[in-house]
Amino acid sequence: MGSGVAMDAEKATTLLHFTAAYAAMAVWCYWANTADALRFFRDVVGIDVGAWAACGDVVDAPAWVFHTTLPTMVYWTASFAFCIADMCIRDVKYWKIEQPGFTARIDHQLIRKGVNYMLFNTVVASACDLFAMQPLVVAYRQEAMCGAQLPGSVADVVLLLGKLIGVFLLSDVVFYITHRLCHESTFLYRHIHKLHHQWTETYAINAAACHPLEQWFVNVHTISLPSIIMGIPFHWYTGWLCLAMVNTCISHCGYKMGHLTGAHDAHHHFLDCEYGTDTFCDKLFGTTYDDYAKQKVARGKAA
């Protein structure tokens, strides 16, 4: 009886913690889309968002801000939904992935800790978008990304599909390289990436529970840089960010959803496998979980 009451109190504390953070982020995203916010960025922070939005009617200053805040709220909403699920399930082992040698469980303290990092790193991601990604678009991809948003011919459809496929594949390349570097470098792992691997059991919120430098150079660049390189239309870029937010929540949620969740969950448990986005890089370089398991068996036989 006592342990059940304590567990219910733990769940209530976690939900209250997440709800407060979610409400704060919702207020921030609402305010960031107002004229007062644009004036604040210009007069107080010293950033004239309108000066970067040189795309005419397609992308004006409010659209730049909406482009940042919409994916943010998609990510927070998806994470919140999974958090509620984590609080409601009774049979953890039935729903959550249980890797060999580990026991599936819900760690409320780590969930709350992840929410705090998530809140801070949302601001980091927004700053990266404002200070780095948007100027890159204006400087190098303004014509491609701020032109016609819908294809006007069959050739345009083919070109757009080619660009979207390129973004999808390049994202795996960027994430694989930057993520694996965080493991191969003892310095980067010890001082930066190890923070993210506090969460052996994965939860949707811990996708952004990491060192701010990792959030900036690994997570944000994985999603945004391929879009800018390929020059996909601006509104498609925003849609891609939203899709990527949902995908990163699913890949970290820890629920039994086949390959959508199994690959990255295996990475959090065993570290030396599944560095990419489960597209092609891990297969190409022999770092899938299957490769890891085979190597472990071979090492055992050799010993």
# chains A, B, ... in the order shown; residues from 1 in each chain; ligands from 1
call {"tool": "residues_around", "arguments": {"residues": "A:Phe82", "least_positions_apart": "5", "cutoff": "9 Å", "atoms": "only C-alpha atoms", "output": "PyMOL selection string"}}
result
chain A and resi 77+87+203-205+249-250+253
call {"tool": "write_last_selection", "arguments": {"atoms": "all heavy atoms", "output": "mmCIF file, in the first residue's frame"}}
result
data_model
loop_
_atom_site.group_PDB
_atom_site.id
_atom_site.type_symbol
_atom_site.label_atom_id
_atom_site.label_comp_id
_atom_site.auth_asym_id
_atom_site.auth_seq_id
_atom_site.Cartn_x
_atom_site.Cartn_y
_atom_site.Cartn_z
ATOM 1 N N THR A 77 5.059 18.456 -27.749
ATOM 2 C CA THR A 77 3.763 17.784 -27.672
ATOM 3 C C THR A 77 3.923 16.273 -27.794
ATOM 4 O O THR A 77 3.308 15.506 -27.037
ATOM 5 C CB THR A 77 2.814 18.310 -28.761
ATOM 6 O OG1 THR A 77 2.649 19.734 -28.603
ATOM 7 C CG2 THR A 77 1.448 17.650 -28.673
ATOM 8 N N MET A 87 3.629 7.304 -17.681
ATOM 9 C CA MET A 87 3.023 7.374 -16.351
ATOM 10 C C MET A 87 1.827 6.430 -16.211
ATOM 11 O O MET A 87 1.455 6.037 -15.111
ATOM 12 C CB MET A 87 2.558 8.811 -16.049
ATOM 13 C CG MET A 87 3.659 9.867 -16.033
ATOM 14 S SD MET A 87 5.019 9.503 -14.900
ATOM 15 C CE MET A 87 6.279 8.949 -16.058
ATOM 16 N N TYR A 203 13.630 7.459 -23.114
ATOM 17 C CA TYR A 203 12.335 8.133 -23.032
ATOM 18 C C TYR A 203 12.320 9.214 -24.099
ATOM 19 O O TYR A 203 13.366 9.750 -24.474
ATOM 20 C CB TYR A 203 12.127 8.763 -21.651
ATOM 21 C CG TYR A 203 12.420 7.833 -20.504
ATOM 22 C CD1 TYR A 203 13.635 7.902 -19.815
ATOM 23 C CD2 TYR A 203 11.505 6.864 -20.113
ATOM 24 C CE1 TYR A 203 13.916 7.041 -18.765
ATOM 25 C CE2 TYR A 203 11.779 5.996 -19.066
ATOM 26 C CZ TYR A 203 12.988 6.086 -18.400
ATOM 27 O OH TYR A 203 13.267 5.223 -17.374
ATOM 28 N N ALA A 204 11.145 9.563 -24.583
ATOM 29 C CA ALA A 204 11.057 10.529 -25.678
ATOM 30 C C ALA A 204 11.742 11.847 -25.340
ATOM 31 O O ALA A 204 12.365 12.473 -26.200
ATOM 32 C CB ALA A 204 9.589 10.768 -26.039
ATOM 33 N N ILE A 205 11.665 12.251 -24.075
ATOM 34 C CA ILE A 205 12.226 13.552 -23.696
ATOM 35 C C ILE A 205 13.746 13.581 -23.789
ATOM 36 O O ILE A 205 14.338 14.647 -23.912
ATOM 37 C CB ILE A 205 11.789 13.957 -22.270
ATOM 38 C CG1 ILE A 205 12.124 12.854 -21.252
ATOM 39 C CG2 ILE A 205 10.337 14.323 -22.225
ATOM 40 C CD1 ILE A 205 13.424 13.011 -20.572
ATOM 41 N N CYS A 249 11.532 11.704 -31.285
ATOM 42 C CA CYS A 249 10.769 11.297 -30.093
ATOM 43 C C CYS A 249 10.481 9.800 -30.136
ATOM 44 O O CYS A 249 10.630 9.102 -29.126
ATOM 45 C CB CYS A 249 9.458 12.076 -30.015
ATOM 46 S SG CYS A 249 9.641 13.783 -29.503
ATOM 47 N N ILE A 250 10.074 9.310 -31.301
ATOM 48 C CA ILE A 250 9.754 7.883 -31.435
ATOM 49 C C ILE A 250 11.002 7.036 -31.221
ATOM 50 O O ILE A 250 10.974 6.024 -30.513
ATOM 51 C CB ILE A 250 9.131 7.602 -32.813
ATOM 52 C CG1 ILE A 250 7.740 8.237 -32.906
ATOM 53 C CG2 ILE A 250 9.041 6.094 -33.076
ATOM 54 C CD1 ILE A 250 7.095 8.139 -34.266
ATOM 55 N N CYS A 253 11.679 6.778 -27.536
ATOM 56 C CA CYS A 253 10.581 6.536 -26.598
ATOM 57 C C CYS A 253 10.733 5.233 -25.816
ATOM 58 O O CYS A 253 10.177 5.082 -24.730
ATOM 59 C CB CYS A 253 9.243 6.557 -27.322
ATOM 60 S SG CYS A 253 8.919 5.113 -28.374
#
call {"tool": "residues_around", "arguments": {"residues": "A:Phe217", "least_positions_apart": "3", "cutoff": "12 Å", "atoms": "only C-alpha atoms", "output": "NGL selection string"}}
result
:A and (121 or 124-125 or 128-129 or 132-133 or 174-175 or 177-179 or 181-182 or 192-193 or 210-214 or 220-225)
call {"tool": "atom_distance", "arguments": {"atom1": "atom CA of A:Ala104", "atom2": "atom CA of A:His191"}}
result
27.2 Å
call {"tool": "select_by_dssp", "arguments": {"residues": "stretch 132-218 of chain A", "states": "helix (DSSP H, G or I)", "output": "ChimeraX atom specification"}}
result
/A:132-140,142-145,154-184,186-191,193-198,204-207,212-218
call {"tool": "atom_distance", "arguments": {"atom1": "atom CA of A:Asp291", "atom2": "atom CA of A:Asp172"}}
result
18.3 Å
call {"tool": "closest_residue", "arguments": {"among": "A:Tyr289, A:Phe18, A:Trp31, A:Trp236", "to": "A:His108", "atoms": "only C-alpha atoms"}}
result
A:Phe18
call {"tool": "residues_around", "arguments": {"residues": "A:Ile232", "least_positions_apart": "6", "cutoff": "7 Å", "atoms": "only C-alpha atoms", "output": "VMD selection string"}}
result
chain A and resid 144 to 145 163
call {"tool": "write_last_selection", "arguments": {"atoms": "N, CA, C and O atoms", "output": "mmCIF file, in the first residue's frame"}}
result
data_model
loop_
_atom_site.group_PDB
_atom_site.id
_atom_site.type_symbol
_atom_site.label_atom_id
_atom_site.label_comp_id
_atom_site.auth_asym_id
_atom_site.auth_seq_id
_atom_site.Cartn_x
_atom_site.Cartn_y
_atom_site.Cartn_z
ATOM 1 N N ALA A 144 16.922 29.253 -53.960
ATOM 2 C CA ALA A 144 16.338 27.908 -54.009
ATOM 3 C C ALA A 144 15.243 27.727 -52.965
ATOM 4 O O ALA A 144 14.185 27.157 -53.259
ATOM 5 N N MET A 145 15.471 28.227 -51.751
ATOM 6 C CA MET A 145 14.543 27.942 -50.651
ATOM 7 C C MET A 145 13.405 28.944 -50.552
ATOM 8 O O MET A 145 12.353 28.635 -49.997
ATOM 9 N N LYS A 163 15.460 16.227 -54.115
ATOM 10 C CA LYS A 163 16.000 17.008 -52.997
ATOM 11 C C LYS A 163 15.581 16.420 -51.650
ATOM 12 O O LYS A 163 16.391 16.334 -50.720
#
call {"tool": "residues_around", "arguments": {"residues": "A:Met230", "least_positions_apart": "2", "cutoff": "7 Å", "atoms": "only C-alpha atoms", "output": "list in words"}}
result
Lys163, Gly166, Val167, Pro226, Ser227, Ile228 and Ile232 of chain A
call {"tool": "residues_around", "arguments": {"residues": "A:His17", "least_positions_apart": "5", "cutoff": "10 Å", "atoms": "only C-alpha atoms", "output": "VMD selection string"}}
result
chain A and resid 11 to 12 22 111 to 113 115 to 116
call {"tool": "write_last_selection", "arguments": {"atoms": "N, CA and C atoms", "output": "compact mmCIF listing (two decimals), in the first residue's frame"}}
result
# COMPACT_ATOMS: atom_id res chain seq x y z
N LYS A 11 4.72 9.64 -9.85
CA LYS A 11 4.13 9.90 -11.17
C LYS A 11 3.53 11.29 -11.23
N ALA A 12 2.82 11.68 -10.17
CA ALA A 12 2.20 13.00 -10.13
C ALA A 12 3.25 14.10 -10.18
N TYR A 22 6.11 22.34 -20.15
CA TYR A 22 5.36 22.40 -21.42
C TYR A 22 4.60 23.72 -21.52
N ILE A 111 13.62 11.17 -15.86
CA ILE A 111 12.66 11.84 -16.74
C ILE A 111 12.61 13.33 -16.40
N ARG A 112 12.52 13.64 -15.11
CA ARG A 112 12.46 15.05 -14.71
C ARG A 112 13.77 15.77 -15.05
N LYS A 113 14.87 15.08 -14.88
CA LYS A 113 16.16 15.67 -15.23
C LYS A 113 16.22 15.93 -16.73
N VAL A 115 13.70 16.58 -18.69
CA VAL A 115 12.84 17.73 -18.99
C VAL A 115 13.62 19.03 -18.82
N ASN A 116 14.42 19.12 -17.78
CA ASN A 116 15.22 20.34 -17.54
C ASN A 116 16.20 20.59 -18.67
call {"tool": "atom_distance", "arguments": {"atom1": "atom CA of A:Gly286", "atom2": "atom CA of A:Leu161"}}
result
28.6 Å
call {"tool": "residues_around", "arguments": {"residues": "A:Ile106", "least_positions_apart": "2", "cutoff": "12 Å", "atoms": "only C-alpha atoms", "output": "ChimeraX atom specification"}}
result
/A:7,10-11,14,83-93,95-98,103-104,108-112,199-203,253-255
call {"tool": "write_last_selection", "arguments": {"atoms": "N, CA, C and O atoms", "output": "compact mmCIF listing (two decimals), in the first residue's frame"}}
result
# COMPACT_ATOMS: atom_id res chain seq x y z
N MET A 7 4.58 5.53 -5.35
CA MET A 7 4.73 5.51 -6.80
C MET A 7 3.76 6.48 -7.46
O MET A 7 4.10 7.18 -8.40
N GLU A 10 5.12 9.84 -7.09
CA GLU A 10 6.25 10.03 -8.01
C GLU A 10 5.75 10.36 -9.41
O GLU A 10 6.26 11.25 -10.09
N LYS A 11 4.72 9.64 -9.85
CA LYS A 11 4.13 9.90 -11.17
C LYS A 11 3.53 11.29 -11.23
O LYS A 11 3.70 12.02 -12.22
N THR A 14 6.25 13.89 -11.52
CA THR A 14 6.83 13.92 -12.86
C THR A 14 5.90 14.62 -13.85
O THR A 14 6.34 15.46 -14.64
N CYS A 83 5.30 10.90 -22.40
CA CYS A 83 5.47 10.99 -20.95
C CYS A 83 4.19 10.54 -20.24
O CYS A 83 4.25 9.79 -19.25
N ILE A 84 3.05 10.97 -20.75
CA ILE A 84 1.78 10.54 -20.16
C ILE A 84 1.64 9.02 -20.28
O ILE A 84 1.20 8.35 -19.33
N ALA A 85 2.04 8.48 -21.43
CA ALA A 85 2.00 7.02 -21.60
C ALA A 85 2.90 6.33 -20.58
O ALA A 85 2.52 5.31 -19.99
N ASP A 86 4.10 6.89 -20.37
CA ASP A 86 5.03 6.31 -19.39
C ASP A 86 4.42 6.28 -17.99
O ASP A 86 4.67 5.36 -17.21
N MET A 87 3.63 7.30 -17.68
CA MET A 87 3.02 7.37 -16.35
C MET A 87 1.83 6.43 -16.21
O MET A 87 1.46 6.04 -15.11
N CYS A 88 1.21 6.07 -17.34
CA CYS A 88 -0.03 5.30 -17.30
C CYS A 88 0.17 3.78 -17.40
O CYS A 88 -0.66 3.02 -16.92
N ILE A 89 1.24 3.35 -18.06
CA ILE A 89 1.40 1.90 -18.26
C ILE A 89 1.66 1.20 -16.93
O ILE A 89 2.35 1.72 -16.07
N ARG A 90 1.08 0.02 -16.80
CA ARG A 90 1.26 -0.76 -15.59
C ARG A 90 2.31 -1.86 -15.78
O ARG A 90 3.14 -2.09 -14.92
N ASP A 91 2.24 -2.52 -16.93
CA ASP A 91 3.19 -3.61 -17.21
C ASP A 91 4.32 -3.07 -18.09
O ASP A 91 4.22 -3.10 -19.31
N VAL A 92 5.36 -2.55 -17.45
CA VAL A 92 6.45 -1.92 -18.19
C VAL A 92 7.11 -2.91 -19.15
O VAL A 92 7.40 -2.57 -20.31
N LYS A 93 7.33 -4.13 -18.71
CA LYS A 93 8.02 -5.12 -19.53
C LYS A 93 7.23 -5.49 -20.78
O LYS A 93 7.80 -5.91 -21.78
N TRP A 95 5.27 -3.37 -22.54
CA TRP A 95 5.26 -2.27 -23.50
C TRP A 95 6.64 -1.78 -23.90
O TRP A 95 6.85 -1.36 -25.04
N LYS A 96 7.58 -1.79 -22.97
CA LYS A 96 8.89 -1.19 -23.23
C LYS A 96 9.91 -2.24 -23.69
O LYS A 96 9.84 -3.41 -23.31
N ILE A 97 10.86 -1.79 -24.48
CA ILE A 97 11.92 -2.67 -24.98
C ILE A 97 12.79 -3.12 -23.80
O ILE A 97 13.19 -2.30 -22.98
N GLU A 98 13.07 -4.40 -23.77
CA GLU A 98 13.95 -4.93 -22.72
C GLU A 98 15.14 -5.61 -23.40
O GLU A 98 15.02 -6.71 -23.93
N THR A 103 16.88 -4.62 -17.47
CA THR A 103 15.49 -4.70 -17.04
C THR A 103 14.78 -3.40 -17.36
O THR A 103 15.23 -2.32 -16.94
N ALA A 104 13.70 -3.48 -18.13
CA ALA A 104 12.93 -2.27 -18.48
C ALA A 104 12.31 -1.66 -17.24
O ALA A 104 11.76 -2.37 -16.39
N HIS A 108 11.70 7.97 -12.81
CA HIS A 108 11.06 9.29 -12.77
C HIS A 108 12.08 10.41 -12.56
O HIS A 108 11.93 11.50 -13.12
N GLN A 109 13.09 10.16 -11.77
CA GLN A 109 14.10 11.19 -11.52
C GLN A 109 14.82 11.56 -12.81
O GLN A 109 15.06 12.74 -13.09
N LEU A 110 15.16 10.55 -13.63
CA LEU A 110 15.84 10.82 -14.89
C LEU A 110 14.91 11.50 -15.89
O LEU A 110 15.36 12.32 -16.70
N ILE A 111 13.62 11.17 -15.86
CA ILE A 111 12.66 11.84 -16.74
C ILE A 111 12.61 13.33 -16.40
O ILE A 111 12.68 14.19 -17.28
N ARG A 112 12.52 13.64 -15.11
CA ARG A 112 12.46 15.05 -14.71
C ARG A 112 13.77 15.77 -15.05
O ARG A 112 13.76 16.94 -15.47
N TRP A 199 20.92 8.27 -19.75
CA TRP A 199 19.63 7.64 -19.99
C TRP A 199 19.85 6.34 -20.77
O TRP A 199 19.77 6.29 -21.99
N THR A 200 20.12 5.26 -20.03
CA THR A 200 20.24 3.95 -20.65
C THR A 200 18.87 3.49 -21.12
O THR A 200 18.71 3.05 -22.27
N GLU A 201 17.87 3.59 -20.23
CA GLU A 201 16.49 3.36 -20.64
C GLU A 201 16.03 4.62 -21.35
O GLU A 201 16.15 5.73 -20.80
N THR A 202 15.52 4.47 -22.55
CA THR A 202 15.21 5.66 -23.35
C THR A 202 13.78 6.13 -23.13
O THR A 202 12.86 5.35 -22.98
N TYR A 203 13.63 7.46 -23.11
CA TYR A 203 12.33 8.13 -23.03
C TYR A 203 12.32 9.21 -24.10
O TYR A 203 13.37 9.75 -24.47
N CYS A 253 11.68 6.78 -27.54
CA CYS A 253 10.58 6.54 -26.60
C CYS A 253 10.73 5.23 -25.82
O CYS A 253 10.18 5.08 -24.73
N GLY A 254 11.45 4.25 -26.37
CA GLY A 254 11.68 3.00 -25.67
C GLY A 254 10.54 2.00 -25.75
O GLY A 254 10.60 0.94 -25.13
N TYR A 255 9.51 2.31 -26.54
CA TYR A 255 8.39 1.38 -26.69
C TYR A 255 8.66 0.38 -27.81
O TYR A 255 9.44 0.65 -28.74
